[in-house]
$ cat entry.txt   # compact mmCIF, C-alpha atoms
# COMPACT_ATOMS: atom_id res chain seq x y z
CA MET A 1 16.31 -31.21 17.79
CA SER A 2 19.21 -30.22 20.07
CA ARG A 3 18.73 -30.72 23.76
CA ILE A 4 18.46 -27.81 26.18
CA ASP A 5 21.72 -27.01 27.96
CA TYR A 6 21.00 -27.25 31.67
CA SER A 7 24.63 -26.71 32.71
CA VAL A 8 23.86 -23.08 33.47
CA TRP A 9 21.87 -24.24 36.48
CA ASP A 10 25.05 -25.72 37.98
CA HIS A 11 26.38 -22.17 38.42
CA ILE A 12 23.88 -20.87 40.98
CA GLU A 13 24.85 -19.48 44.36
CA VAL A 14 23.02 -21.26 47.19
CA SER A 15 20.46 -19.42 49.27
CA ASP A 16 21.55 -17.81 52.51
CA ASP A 17 19.65 -20.34 54.59
CA GLU A 18 20.65 -23.61 52.88
CA ASP A 19 23.77 -24.56 54.81
CA ASP A 20 23.87 -25.68 58.43
CA THR A 21 25.15 -23.49 61.24
CA HIS A 22 26.36 -24.14 64.76
CA PRO A 23 23.46 -24.38 67.25
CA ASN A 24 25.03 -21.64 69.39
CA ILE A 25 24.96 -19.15 66.51
CA ASP A 26 21.97 -16.87 65.95
CA THR A 27 21.00 -18.37 62.57
CA PRO A 28 18.44 -15.73 61.39
CA SER A 29 20.92 -12.94 62.10
CA LEU A 30 23.66 -14.78 60.23
CA PHE A 31 21.41 -15.22 57.21
CA ARG A 32 20.56 -11.49 57.20
CA TRP A 33 24.27 -10.57 57.45
CA ARG A 34 25.14 -12.88 54.56
CA HIS A 35 22.34 -11.51 52.42
CA GLN A 36 23.23 -7.91 53.18
CA ALA A 37 26.88 -8.55 52.38
CA ARG A 38 25.95 -10.11 49.03
CA VAL A 39 23.62 -7.25 48.14
CA GLU A 40 26.38 -4.74 48.92
CA ARG A 41 28.84 -6.68 46.75
CA MET A 42 26.33 -6.70 43.89
CA GLU A 43 25.67 -2.97 44.22
CA GLU A 44 29.38 -2.21 44.30
CA PHE A 45 29.98 -4.38 41.25
CA GLN A 46 27.09 -2.71 39.38
CA LYS A 47 28.42 0.74 40.27
CA LYS A 48 31.81 -0.24 38.90
CA GLY A 49 30.21 -1.26 35.61
CA GLU A 50 28.32 2.04 35.37
CA GLU A 51 31.52 4.00 35.95
CA LEU A 52 33.39 2.01 33.30
CA ASN A 53 30.66 2.57 30.72
CA LYS A 54 30.49 6.25 31.62
CA GLY A 55 34.27 6.57 31.21
CA LEU A 56 34.20 4.84 27.84
CA SER A 57 31.34 7.03 26.61
CA GLU A 58 33.08 10.22 27.73
CA CYS A 59 36.32 9.15 26.04
CA ARG A 60 34.50 8.43 22.79
CA ARG A 61 32.75 11.79 22.97
CA LYS A 62 36.07 13.61 23.34
CA LEU A 63 37.56 11.55 20.50
CA ALA A 64 34.66 12.42 18.21
CA ASP A 65 35.05 16.13 19.00
CA THR A 66 38.79 15.93 18.35
CA GLN A 67 38.32 14.17 15.01
CA LYS A 68 35.75 16.77 14.00
CA LYS A 69 38.23 19.52 14.85
CA ILE A 70 40.93 17.79 12.78
CA LYS A 71 38.65 17.85 9.74
CA GLU A 72 38.02 21.58 10.21
CA LEU A 73 41.73 22.37 10.61
CA THR A 74 42.67 20.23 7.59
CA ILE A 75 40.54 22.46 5.36
CA SER A 76 42.21 25.66 6.60
CA THR A 77 45.46 26.82 4.94
CA SER A 78 46.65 29.29 7.58
CA GLU A 79 49.91 28.73 9.47
CA ASP A 80 48.15 28.90 12.84
CA ALA A 81 45.79 26.13 11.72
CA LYS A 82 48.72 23.92 10.67
CA ALA A 83 50.37 24.37 14.07
CA GLU A 84 47.10 23.65 15.87
CA LEU A 85 46.52 20.59 13.67
CA SER A 86 49.66 18.81 14.90
CA LYS A 87 48.58 19.37 18.53
CA VAL A 88 45.08 18.07 17.91
CA GLN A 89 46.41 15.01 16.06
CA ALA A 90 48.59 14.21 19.08
CA GLU A 91 45.51 14.53 21.28
CA GLU A 92 43.63 12.18 18.96
CA LYS A 93 46.36 9.57 19.28
CA LYS A 94 46.25 9.84 23.07
CA LEU A 95 42.45 9.50 23.14
CA LYS A 96 42.51 6.44 20.88
CA LYS A 97 44.87 4.75 23.34
CA GLU A 98 42.55 5.70 26.23
CA GLU A 99 39.59 4.32 24.29
CA ARG A 100 41.34 0.96 23.89
CA ASP A 101 42.11 0.90 27.62
CA TRP A 102 38.49 1.63 28.52
CA GLU A 103 37.26 -1.03 26.07
CA ARG A 104 39.61 -3.57 27.65
CA LYS A 105 38.35 -2.71 31.14
CA VAL A 106 34.71 -2.95 30.05
CA GLY A 107 35.43 -6.28 28.36
CA ASP A 108 37.04 -7.62 31.55
CA TYR A 109 34.04 -6.43 33.55
CA GLN A 110 31.56 -8.15 31.21
CA ARG A 111 33.48 -11.42 31.36
CA GLU A 112 33.56 -11.20 35.14
CA GLU A 113 29.82 -10.49 35.17
CA LYS A 114 29.09 -13.64 33.14
CA LYS A 115 31.08 -15.73 35.60
CA MET A 116 29.14 -14.44 38.60
CA PRO A 117 26.77 -17.07 40.07
CA TRP A 118 23.01 -16.52 40.09
CA ASN A 119 21.30 -16.12 43.43
CA VAL A 120 17.87 -15.45 44.90
CA ASP A 121 18.17 -11.73 44.08
CA THR A 122 19.15 -12.06 40.42
CA LEU A 123 16.77 -14.96 39.75
CA SER A 124 13.79 -12.88 40.89
CA LYS A 125 14.51 -9.98 38.54
CA ASP A 126 12.45 -9.42 35.39
CA GLY A 127 15.53 -9.78 33.23
CA PHE A 128 15.85 -13.43 34.20
CA SER A 129 12.28 -14.40 33.33
CA LYS A 130 11.91 -12.51 30.05
CA SER A 131 11.86 -14.30 26.73
CA ILE A 132 14.60 -13.09 24.44
CA VAL A 133 14.03 -12.83 20.72
CA ASN A 134 16.99 -11.83 18.57
CA VAL A 135 16.60 -8.25 17.45
CA LYS A 136 17.82 -7.33 14.00
CA PRO A 137 19.89 -4.17 13.76
CA GLU A 138 17.57 -1.24 13.14
CA THR A 139 17.77 0.34 9.70
CA GLU A 140 16.04 3.57 8.81
CA GLU A 141 13.01 2.90 6.62
CA THR A 142 11.68 5.37 4.07
CA GLU A 143 8.10 6.60 4.36
CA GLU A 144 7.18 4.57 1.26
CA GLU A 145 8.65 1.41 2.81
CA LYS A 146 6.81 2.01 6.08
CA GLU A 147 3.53 2.58 4.24
CA GLN A 148 3.92 -0.58 2.15
CA LYS A 149 4.93 -2.61 5.21
CA HIS A 150 1.84 -1.41 7.09
CA LYS A 151 -0.44 -2.09 4.13
CA THR A 152 0.90 -5.63 3.65
CA PHE A 153 0.63 -6.42 7.37
CA VAL A 154 -2.95 -5.15 7.63
CA GLU A 155 -4.07 -7.04 4.53
CA LYS A 156 -2.76 -10.23 6.11
CA TYR A 157 -3.78 -9.79 9.76
CA GLU A 158 -6.65 -7.25 9.81
CA LYS A 159 -9.17 -9.76 11.21
CA GLU A 160 -6.81 -10.78 14.04
CA ILE A 161 -5.99 -7.15 14.93
CA LYS A 162 -9.69 -6.29 15.16
CA HIS A 163 -10.27 -9.32 17.40
CA PHE A 164 -7.51 -8.18 19.76
CA GLY A 165 -9.00 -4.67 19.77
CA MET A 166 -12.31 -6.03 21.06
CA LEU A 167 -10.86 -8.00 24.01
CA ARG A 168 -11.54 -6.75 27.54
CA ARG A 169 -9.78 -8.93 30.11
CA TRP A 170 -6.02 -8.88 30.78
CA ASP A 171 -5.81 -12.68 30.70
CA ASP A 172 -7.65 -12.86 27.36
CA SER A 173 -5.32 -10.28 25.82
CA GLN A 174 -2.20 -12.05 27.08
CA LYS A 175 -3.37 -15.45 25.82
CA TYR A 176 -4.32 -14.02 22.43
CA LEU A 177 -0.89 -12.42 22.00
CA SER A 178 0.75 -15.66 23.14
CA ASP A 179 -1.14 -17.44 20.35
CA HIS A 180 -0.51 -14.60 17.85
CA PRO A 181 2.90 -13.09 18.80
CA HIS A 182 3.29 -11.55 15.33
CA LEU A 183 0.67 -8.97 16.37
CA VAL A 184 3.04 -7.42 18.92
CA CYS A 185 4.42 -4.69 16.64
CA GLU A 186 4.08 -1.07 15.52
CA GLU A 187 1.76 -2.00 12.65
CA THR A 188 -0.87 -3.32 15.05
CA ALA A 189 -0.65 -0.20 17.22
CA ASN A 190 -0.97 2.07 14.18
CA TYR A 191 -4.00 0.19 12.86
CA LEU A 192 -5.72 0.35 16.27
CA VAL A 193 -5.21 4.13 16.37
CA ILE A 194 -6.90 4.52 12.98
CA MET A 195 -9.64 2.13 14.07
CA CYS A 196 -10.34 4.30 17.13
CA ILE A 197 -10.67 7.45 15.04
CA ASP A 198 -13.00 5.69 12.58
CA LEU A 199 -15.24 4.49 15.41
CA GLU A 200 -15.40 7.96 16.95
CA VAL A 201 -16.32 9.48 13.57
CA GLU A 202 -19.11 6.90 13.34
CA GLU A 203 -20.21 7.98 16.85
CA LYS A 204 -19.57 4.50 18.28
CA HIS A 205 -18.11 6.04 21.42
CA ALA A 206 -18.25 3.04 23.77
CA LEU A 207 -16.61 0.79 21.22
CA MET A 208 -13.94 3.42 20.56
CA GLU A 209 -13.06 3.50 24.27
CA GLN A 210 -12.70 -0.29 24.32
CA VAL A 211 -10.34 -0.33 21.33
CA ALA A 212 -8.47 2.66 22.81
CA HIS A 213 -7.75 0.54 25.90
CA GLN A 214 -6.19 -2.18 23.72
CA THR A 215 -4.26 0.45 21.77
CA ILE A 216 -2.58 1.69 24.94
CA VAL A 217 -1.88 -1.92 25.96
CA MET A 218 0.04 -2.40 22.72
CA GLN A 219 1.83 0.94 23.02
CA PHE A 220 2.92 0.20 26.60
CA ILE A 221 4.33 -3.15 25.46
CA LEU A 222 6.27 -1.45 22.67
CA GLU A 223 7.63 1.18 25.07
CA LEU A 224 8.68 -1.55 27.50
CA ALA A 225 10.52 -3.32 24.67
CA LYS A 226 12.37 -0.10 23.80
CA SER A 227 13.45 0.45 27.38
CA LEU A 228 14.70 -3.16 27.68
CA LYS A 229 16.16 -3.09 24.15
CA VAL A 230 14.49 -6.38 23.23
CA ASP A 231 12.00 -7.56 20.64
CA PRO A 232 8.43 -6.69 21.77
CA ARG A 233 7.43 -10.32 21.31
CA GLY A 234 9.86 -11.22 24.06
CA CYS A 235 8.54 -8.93 26.79
CA PHE A 236 4.76 -8.61 26.49
CA ARG A 237 4.28 -11.14 29.31
CA GLN A 238 6.20 -8.82 31.63
CA PHE A 239 3.73 -6.01 30.90
CA PHE A 240 0.75 -8.16 31.83
CA ALA A 241 2.52 -9.47 34.92
CA LYS A 242 3.15 -5.92 36.07
CA ILE A 243 -0.28 -4.51 35.25
CA LYS A 244 -2.11 -7.46 36.84
CA THR A 245 -0.24 -7.13 40.13
CA ALA A 246 -2.07 -3.83 40.64
CA ASP A 247 1.09 -1.74 40.82
CA GLN A 248 -0.65 1.55 41.63
CA GLN A 249 1.90 3.86 40.06
CA TYR A 250 2.06 1.79 36.86
CA GLN A 251 -1.74 1.52 36.72
CA GLU A 252 -2.13 5.26 37.18
CA ALA A 253 0.35 5.94 34.39
CA PHE A 254 -1.59 3.54 32.15
CA ASN A 255 -4.94 5.19 32.95
CA ASP A 256 -3.54 8.70 32.44
CA GLU A 257 -2.18 7.77 29.02
CA LEU A 258 -5.47 6.08 28.12
CA GLU A 259 -7.53 9.18 28.96
CA SER A 260 -5.09 11.42 27.12
CA PHE A 261 -5.23 9.14 24.08
CA LYS A 262 -9.04 9.14 24.01
CA GLU A 263 -9.03 12.95 24.05
CA ARG A 264 -6.60 12.99 21.11
CA VAL A 265 -8.83 10.56 19.24
CA ARG A 266 -11.87 12.77 19.80
CA GLY A 267 -9.91 15.76 18.57
CA ARG A 268 -8.74 13.95 15.42
CA ALA A 269 -12.27 12.69 14.76
CA LYS A 270 -13.64 16.22 15.07
CA ILE A 271 -11.08 17.54 12.60
CA ARG A 272 -11.91 14.73 10.16
CA ILE A 273 -15.66 15.43 10.43
CA GLU A 274 -15.15 19.15 9.87
CA LYS A 275 -12.94 18.44 6.87
CA ALA A 276 -15.54 16.05 5.41
CA MET A 277 -18.27 18.68 5.88
CA LYS A 278 -16.19 21.32 4.12
CA GLU A 279 -15.49 18.94 1.25
CA TYR A 280 -19.20 18.12 0.97
CA GLU A 281 -20.17 21.80 1.01
CA GLU A 282 -17.57 22.53 -1.66
CA GLU A 283 -18.89 19.70 -3.83
CA GLU A 284 -22.43 21.04 -3.47
CA ARG A 285 -21.23 24.54 -4.26
CA GLN A 286 -19.47 23.32 -7.38
CA LYS A 287 -22.68 21.62 -8.50
CA ARG A 288 -24.68 24.85 -8.35
CA LEU A 289 -22.10 27.10 -10.03
CA GLY A 290 -23.42 28.94 -13.04
CA PRO A 291 -22.07 28.80 -16.62
CA GLY A 292 -19.53 31.51 -15.79
CA GLY A 293 -18.25 29.67 -12.70
CA LEU A 294 -19.95 31.96 -10.15
CA ASP A 295 -21.99 30.84 -7.17
CA PRO A 296 -25.60 32.08 -7.49
CA VAL A 297 -25.92 32.43 -3.71
CA ASP A 298 -22.82 34.62 -3.52
CA VAL A 299 -23.96 36.73 -6.47
CA TYR A 300 -27.50 37.12 -5.10
CA GLU A 301 -26.17 38.30 -1.73
CA SER A 302 -23.95 40.87 -3.48
CA LEU A 303 -26.85 42.45 -5.40
CA PRO A 304 -28.52 45.68 -4.26
CA PRO A 305 -31.65 44.99 -2.16
CA GLU A 306 -33.96 46.30 -4.88
CA MET A 307 -32.49 43.81 -7.40
CA GLN A 308 -32.76 40.98 -4.87
CA LYS A 309 -36.46 41.76 -4.52
CA CYS A 310 -36.90 41.42 -8.29
CA PHE A 311 -35.45 37.91 -8.23
CA ASP A 312 -37.42 37.02 -5.09
CA GLU A 313 -40.70 37.92 -6.83
CA LYS A 314 -39.50 36.77 -10.26
CA ASP A 315 -40.77 40.08 -11.68
CA ILE A 316 -39.04 41.01 -14.96
CA GLN A 317 -40.92 44.29 -15.28
CA MET A 318 -39.70 45.33 -11.81
CA LEU A 319 -36.14 44.33 -12.80
CA GLN A 320 -36.36 46.50 -15.93
CA GLU A 321 -37.38 49.52 -13.88
CA VAL A 322 -34.61 48.97 -11.29
CA ILE A 323 -31.93 48.66 -14.00
CA SER A 324 -33.14 51.76 -15.85
CA LYS A 325 -32.57 53.83 -12.71
CA MET A 326 -29.05 52.47 -12.08
CA ASP A 327 -25.72 53.63 -13.47
CA PRO A 328 -25.37 51.80 -16.83
CA THR A 329 -21.87 50.46 -16.03
CA GLU A 330 -22.94 49.19 -12.62
CA ALA A 331 -26.14 47.69 -13.99
CA LYS A 332 -24.28 45.88 -16.77
CA ALA A 333 -21.75 44.45 -14.29
CA HIS A 334 -24.53 43.14 -12.04
CA MET A 335 -26.41 41.54 -14.90
CA LYS A 336 -23.27 39.89 -16.27
CA ARG A 337 -22.60 38.32 -12.88
CA CYS A 338 -26.24 37.19 -12.74
CA ILE A 339 -25.77 35.43 -16.09
CA ASP A 340 -22.42 33.86 -15.09
CA SER A 341 -24.02 32.50 -11.92
CA GLY A 342 -27.17 31.23 -13.63
CA LEU A 343 -29.50 33.62 -11.79
CA TRP A 344 -30.54 35.05 -15.16
CA VAL A 345 -30.63 32.91 -18.26
CA PRO A 346 -30.56 34.85 -21.56
CA ASN A 347 -32.45 33.37 -24.53
CA ALA A 348 -34.59 31.36 -22.11
CA LYS A 349 -37.44 29.38 -23.69
CA GLY A 350 -40.80 31.05 -23.69
CA ASP A 351 -44.23 29.52 -23.34
CA ASP A 352 -44.20 28.20 -26.90
CA GLY A 353 -40.96 26.30 -26.29
CA GLU A 354 -38.99 28.39 -28.80
CA GLU A 355 -35.83 30.25 -27.87
CA LYS A 356 -35.93 34.03 -27.81
CA GLY A 357 -33.23 35.02 -30.24
CA ASP A 358 -31.12 32.96 -32.60
CA GLU A 359 -27.65 33.20 -31.06
CA LYS A 360 -26.46 31.92 -27.68
CA ASP A 361 -23.74 34.56 -27.46
CA ASP A 362 -26.04 37.59 -27.49
CA GLU A 363 -25.13 40.76 -25.60
CA PRO A 364 -25.77 40.44 -21.83
CA THR A 365 -29.35 40.85 -20.71
CA TYR A 366 -28.81 44.45 -19.62
CA GLU A 367 -29.08 45.57 -23.27
CA GLU A 368 -32.11 43.33 -23.81
CA ILE A 369 -33.88 44.85 -20.87
CA GLN A 370 -32.99 48.38 -22.00
CA HIS A 371 -34.37 47.62 -25.47
CA GLU A 372 -37.60 46.26 -24.02
CA LYS A 373 -37.92 49.35 -21.84
CA GLU A 374 -37.53 51.69 -24.85
CA GLU A 375 -40.12 49.75 -26.89
CA ALA A 376 -42.56 49.98 -24.00
CA LYS A 377 -42.14 53.78 -23.90
CA LYS A 378 -42.91 54.09 -27.62
CA GLU A 379 -46.12 52.21 -27.23
$ encode --input "entry.txt" --output "structure tokens"
Amino acid sequence: MSRIDYSVWDHIEVSDDEDDTHPNIDTPSLFRWRHQARVERMEEFQKKGEELNKGLSECRRKLADTQKKIKELTISTSEDAKAELSKVQAEEKKLKKEERDWERKVGDYQREEKKMPWNVDTLSKDGFSKSIVNVKPETEETEEEKEQKHKTFVEKYEKEIKHFGMLRRWDDSQKYLSDHPHLVCEETANYLVIMCIDLEVEEKHALMEQVAHQTIVMQFILELAKSLKVDPRGCFRQFFAKIKTADQQYQEAFNDELESFKERVRGRAKIRIEKAMKEYEEEERQKRLGPGGLDPVDVYESLPPEMQKCFDEKDIQMLQEVISKMDPTEAKAHMKRCIDSGLWVPNAKGDDGEEKGDEKDDEPTYEEIQHEKEEAKKE
């Protein structure tokens, strides 16, 4: 194993109060002046870097616009476009030269920055203490790739993710992630979100709120990593350091996001429950559909009150009388819908167990009832 290179520690600027001063000099004041001067130099140097990067970005923006315009003019065949094209191409050449100049200046600045000694101000910054993990260049994943990646990760680490979701103390969470750094990723956050919704659907509200807390912990770590442009595994300690120091503004932001997230979870759970109820009701409705695909409840409610009463009392004689008084076309339509919904079953078995009639495809019951009514009159 290669040894750690400690030579970097040789390049550290001494503290303001390390060297001796003349006894007649006001030492505390001298230290303050030195520190203030160094801070001002650092701020000035940082401002210079910001201006260089801003200049480079602006130059590249102009160059991109110019190149886009060249493409548009190249397509055109008009004389004016050809004349304009030569001007724009000259502008492109000029901007490319400016871009190289800006890149050189930025490169010089970065090399100068690396040579600057560390001091008490730079050593105390978060950037010095953070663990750096090489970040692979981001490539756009397809939805199928994301889904498969999530599925594979969950199958492998589901037990560990659930354990993290149940933790309560900051120190316990930090230690667990230190022991399981692979959990610091989008897949864990996504699984915890789903876990929260499942728990709320199951009406395990207290447990949902606990897992919601851990979900926001993971999301805050991921957001911190994005802002620092580092791998999340390299900065989760900074999150815990900041949240445990009781930074009021940071804590308030965390609590606000947590409450907002819990409300979203409750909303999603409600939608899922309502959807499940609708699916269940539809399944039950499909089960009771009649042979013609109609819902007997819907058909019953569409019948005239006097026909509903016949079915309520299961009185065939009453039904015959009601139908005989109705318009034949209307009566036939109602009876056909009754058959299609299963409210009325033609050729139903009688008391002796034999079917009335020999064919299953007899004319709708309306005709049967009319025939029975006529026979009754003859008698």
$ residues_near_point --input "entry.txt" --point "(-23.3, 30.5, -14.0)" --cutoff "9 Å" --atoms "all atoms listed in the file" --output "PDB file with C-alpha atoms, in the coordinates of the input"
ATOM      1  CA  ARG A 288     -24.680  24.850  -8.350  1.00  0.00           C
ATOM      2  CA  LEU A 289     -22.100  27.100 -10.030  1.00  0.00           C
ATOM      3  CA  GLY A 290     -23.420  28.940 -13.040  1.00  0.00           C
ATOM      4  CA  PRO A 291     -22.070  28.800 -16.620  1.00  0.00           C
ATOM      5  CA  GLY A 292     -19.530  31.510 -15.790  1.00  0.00           C
ATOM      6  CA  GLY A 293     -18.250  29.670 -12.700  1.00  0.00           C
ATOM      7  CA  LEU A 294     -19.950  31.960 -10.150  1.00  0.00           C
ATOM      8  CA  ASP A 295     -21.990  30.840  -7.170  1.00  0.00           C
ATOM      9  CA  PRO A 296     -25.600  32.080  -7.490  1.00  0.00           C
ATOM     10  CA  ARG A 337     -22.600  38.320 -12.880  1.00  0.00           C
ATOM     11  CA  CYS A 338     -26.240  37.190 -12.740  1.00  0.00           C
ATOM     12  CA  ILE A 339     -25.770  35.430 -16.090  1.00  0.00           C
ATOM     13  CA  ASP A 340     -22.420  33.860 -15.090  1.00  0.00           C
ATOM     14  CA  SER A 341     -24.020  32.500 -11.920  1.00  0.00           C
ATOM     15  CA  GLY A 342     -27.170  31.230 -13.630  1.00  0.00           C
ATOM     16  CA  LEU A 343     -29.500  33.620 -11.790  1.00  0.00           C
ATOM     17  CA  TRP A 344     -30.540  35.050 -15.160  1.00  0.00           C
ATOM     18  CA  VAL A 345     -30.630  32.910 -18.260  1.00  0.00           C
TER      19      VAL A 345
END
$ atom_distance --input "entry.txt" --atom1 "atom CA of Arg272 of chain A" --atom2 "atom CA of Cys196 of chain A"
12.6 Å
$ closest_residue --input "entry.txt" --among "A:Ile316, A:Val184, A:Leu207, A:Ala333" --to "Ala225 of chain A" --atoms "only C-alpha atoms"
A:Val184
$ atom_distance --input "entry.txt" --atom1 "atom CA of Leu199 of chain A" --atom2 "atom CA of Ala212 of chain A"
10.2 Å
$ axis_aligned_box --input "entry.txt" --around "segment 154-157 of chain A" --padding-each-side "4 Å" --output "AutoDock Vina command-line options"
--center_x -3.4 --center_y -7.7 --center_z 7.1 --size_x 9.3 --size_y 13.1 --size_z 13.2
$ atom_distance --input "entry.txt" --atom1 "atom CA of Val211 of chain A" --atom2 "atom CA of Glu144 of chain A"
27.1 Å
$ residues_around --input "entry.txt" --residues "Leu222 of chain A" --least-positions-apart "4" --cutoff "9 Å" --atoms "only C-alpha atoms" --output "list in words"
Val184, Cys185, Glu186, Ala189, Val217, Met218, Lys226, Ser227, Asp231, Pro232, Cys235 and Phe236 of chain A
$ residues_around --input "entry.txt" --residues "segment 106-108 of chain A" --least-positions-apart "6" --cutoff "9 Å" --atoms "all atoms listed in the file" --output "JSON, numbers by chain"
{"A": [49, 52, 53, 56]}
$ closest_residue --input "entry.txt" --among "A:His150, A:Thr142, A:Arg233, A:Leu228" --to "Gln174 of chain A" --atoms "only C-alpha atoms"
A:Arg233
$ build_atoms --input "entry.txt" --residues "segment 91-98 of chain A" --atoms "all heavy atoms" --output "PDB file, keeping the file's coordinate frame"
ATOM      1  N   GLU A  91      46.583  14.783  20.326  1.00  0.00           N
ATOM      2  CA  GLU A  91      45.510  14.530  21.280  1.00  0.00           C
ATOM      3  C   GLU A  91      44.640  13.356  20.833  1.00  0.00           C
ATOM      4  O   GLU A  91      44.208  12.530  21.639  1.00  0.00           O
ATOM      5  CB  GLU A  91      44.657  15.803  21.412  1.00  0.00           C
ATOM      6  CG  GLU A  91      43.481  15.685  22.379  1.00  0.00           C
ATOM      7  CD  GLU A  91      43.915  15.537  23.829  1.00  0.00           C
ATOM      8  OE1 GLU A  91      45.082  15.839  24.142  1.00  0.00           O
ATOM      9  OE2 GLU A  91      43.086  15.115  24.644  1.00  0.00           O
ATOM     10  N   GLU A  92      44.416  13.284  19.510  1.00  0.00           N
ATOM     11  CA  GLU A  92      43.630  12.180  18.960  1.00  0.00           C
ATOM     12  C   GLU A  92      44.308  10.839  19.240  1.00  0.00           C
ATOM     13  O   GLU A  92      43.656   9.866  19.637  1.00  0.00           O
ATOM     14  CB  GLU A  92      43.440  12.361  17.456  1.00  0.00           C
ATOM     15  CG  GLU A  92      42.636  11.233  16.810  1.00  0.00           C
ATOM     16  CD  GLU A  92      42.705  11.243  15.302  1.00  0.00           C
ATOM     17  OE1 GLU A  92      43.726  11.744  14.767  1.00  0.00           O
ATOM     18  OE2 GLU A  92      41.773  10.734  14.654  1.00  0.00           O
ATOM     19  N   LYS A  93      45.603  10.795  19.033  1.00  0.00           N
ATOM     20  CA  LYS A  93      46.360   9.570  19.280  1.00  0.00           C
ATOM     21  C   LYS A  93      46.254   9.129  20.738  1.00  0.00           C
ATOM     22  O   LYS A  93      46.074   7.947  21.056  1.00  0.00           O
ATOM     23  CB  LYS A  93      47.825   9.800  18.890  1.00  0.00           C
ATOM     24  CG  LYS A  93      48.684   8.558  18.961  1.00  0.00           C
ATOM     25  CD  LYS A  93      50.108   8.871  18.490  1.00  0.00           C
ATOM     26  CE  LYS A  93      50.982   7.613  18.573  1.00  0.00           C
ATOM     27  NZ  LYS A  93      52.368   7.880  18.129  1.00  0.00           N
ATOM     28  N   LYS A  94      46.346  10.122  21.635  1.00  0.00           N
ATOM     29  CA  LYS A  94      46.250   9.840  23.070  1.00  0.00           C
ATOM     30  C   LYS A  94      44.851   9.313  23.419  1.00  0.00           C
ATOM     31  O   LYS A  94      44.711   8.348  24.188  1.00  0.00           O
ATOM     32  CB  LYS A  94      46.535  11.128  23.841  1.00  0.00           C
ATOM     33  CG  LYS A  94      46.414  10.981  25.348  1.00  0.00           C
ATOM     34  CD  LYS A  94      46.635  12.320  26.030  1.00  0.00           C
ATOM     35  CE  LYS A  94      46.390  12.207  27.538  1.00  0.00           C
ATOM     36  NZ  LYS A  94      46.505  13.539  28.206  1.00  0.00           N
ATOM     37  N   LEU A  95      43.818   9.912  22.843  1.00  0.00           N
ATOM     38  CA  LEU A  95      42.450   9.500  23.140  1.00  0.00           C
ATOM     39  C   LEU A  95      42.139   8.111  22.596  1.00  0.00           C
ATOM     40  O   LEU A  95      41.393   7.338  23.206  1.00  0.00           O
ATOM     41  CB  LEU A  95      41.457  10.518  22.561  1.00  0.00           C
ATOM     42  CG  LEU A  95      41.374  11.860  23.310  1.00  0.00           C
ATOM     43  CD1 LEU A  95      40.541  12.865  22.521  1.00  0.00           C
ATOM     44  CD2 LEU A  95      40.766  11.662  24.697  1.00  0.00           C
ATOM     45  N   LYS A  96      42.718   7.776  21.439  1.00  0.00           N
ATOM     46  CA  LYS A  96      42.510   6.440  20.880  1.00  0.00           C
ATOM     47  C   LYS A  96      43.091   5.376  21.803  1.00  0.00           C
ATOM     48  O   LYS A  96      42.515   4.291  21.968  1.00  0.00           O
ATOM     49  CB  LYS A  96      43.143   6.355  19.487  1.00  0.00           C
ATOM     50  CG  LYS A  96      42.314   7.016  18.398  1.00  0.00           C
ATOM     51  CD  LYS A  96      42.928   6.807  17.025  1.00  0.00           C
ATOM     52  CE  LYS A  96      42.054   7.401  15.929  1.00  0.00           C
ATOM     53  NZ  LYS A  96      42.645   7.202  14.581  1.00  0.00           N
ATOM     54  N   LYS A  97      44.251   5.683  22.401  1.00  0.00           N
ATOM     55  CA  LYS A  97      44.870   4.750  23.340  1.00  0.00           C
ATOM     56  C   LYS A  97      43.979   4.597  24.581  1.00  0.00           C
ATOM     57  O   LYS A  97      43.764   3.485  25.089  1.00  0.00           O
ATOM     58  CB  LYS A  97      46.259   5.247  23.747  1.00  0.00           C
ATOM     59  CG  LYS A  97      47.008   4.299  24.693  1.00  0.00           C
ATOM     60  CD  LYS A  97      48.378   4.835  25.040  1.00  0.00           C
ATOM     61  CE  LYS A  97      49.122   3.878  25.962  1.00  0.00           C
ATOM     62  NZ  LYS A  97      48.390   3.626  27.224  1.00  0.00           N
ATOM     63  N   GLU A  98      43.447   5.751  25.074  1.00  0.00           N
ATOM     64  CA  GLU A  98      42.550   5.700  26.230  1.00  0.00           C
ATOM     65  C   GLU A  98      41.293   4.900  25.917  1.00  0.00           C
ATOM     66  O   GLU A  98      40.792   4.152  26.766  1.00  0.00           O
ATOM     67  CB  GLU A  98      42.173   7.121  26.653  1.00  0.00           C
ATOM     68  CG  GLU A  98      43.309   7.891  27.311  1.00  0.00           C
ATOM     69  CD  GLU A  98      42.866   9.269  27.777  1.00  0.00           C
ATOM     70  OE1 GLU A  98      41.641   9.531  27.770  1.00  0.00           O
ATOM     71  OE2 GLU A  98      43.741  10.087  28.140  1.00  0.00           O
TER      72      GLU A  98
END
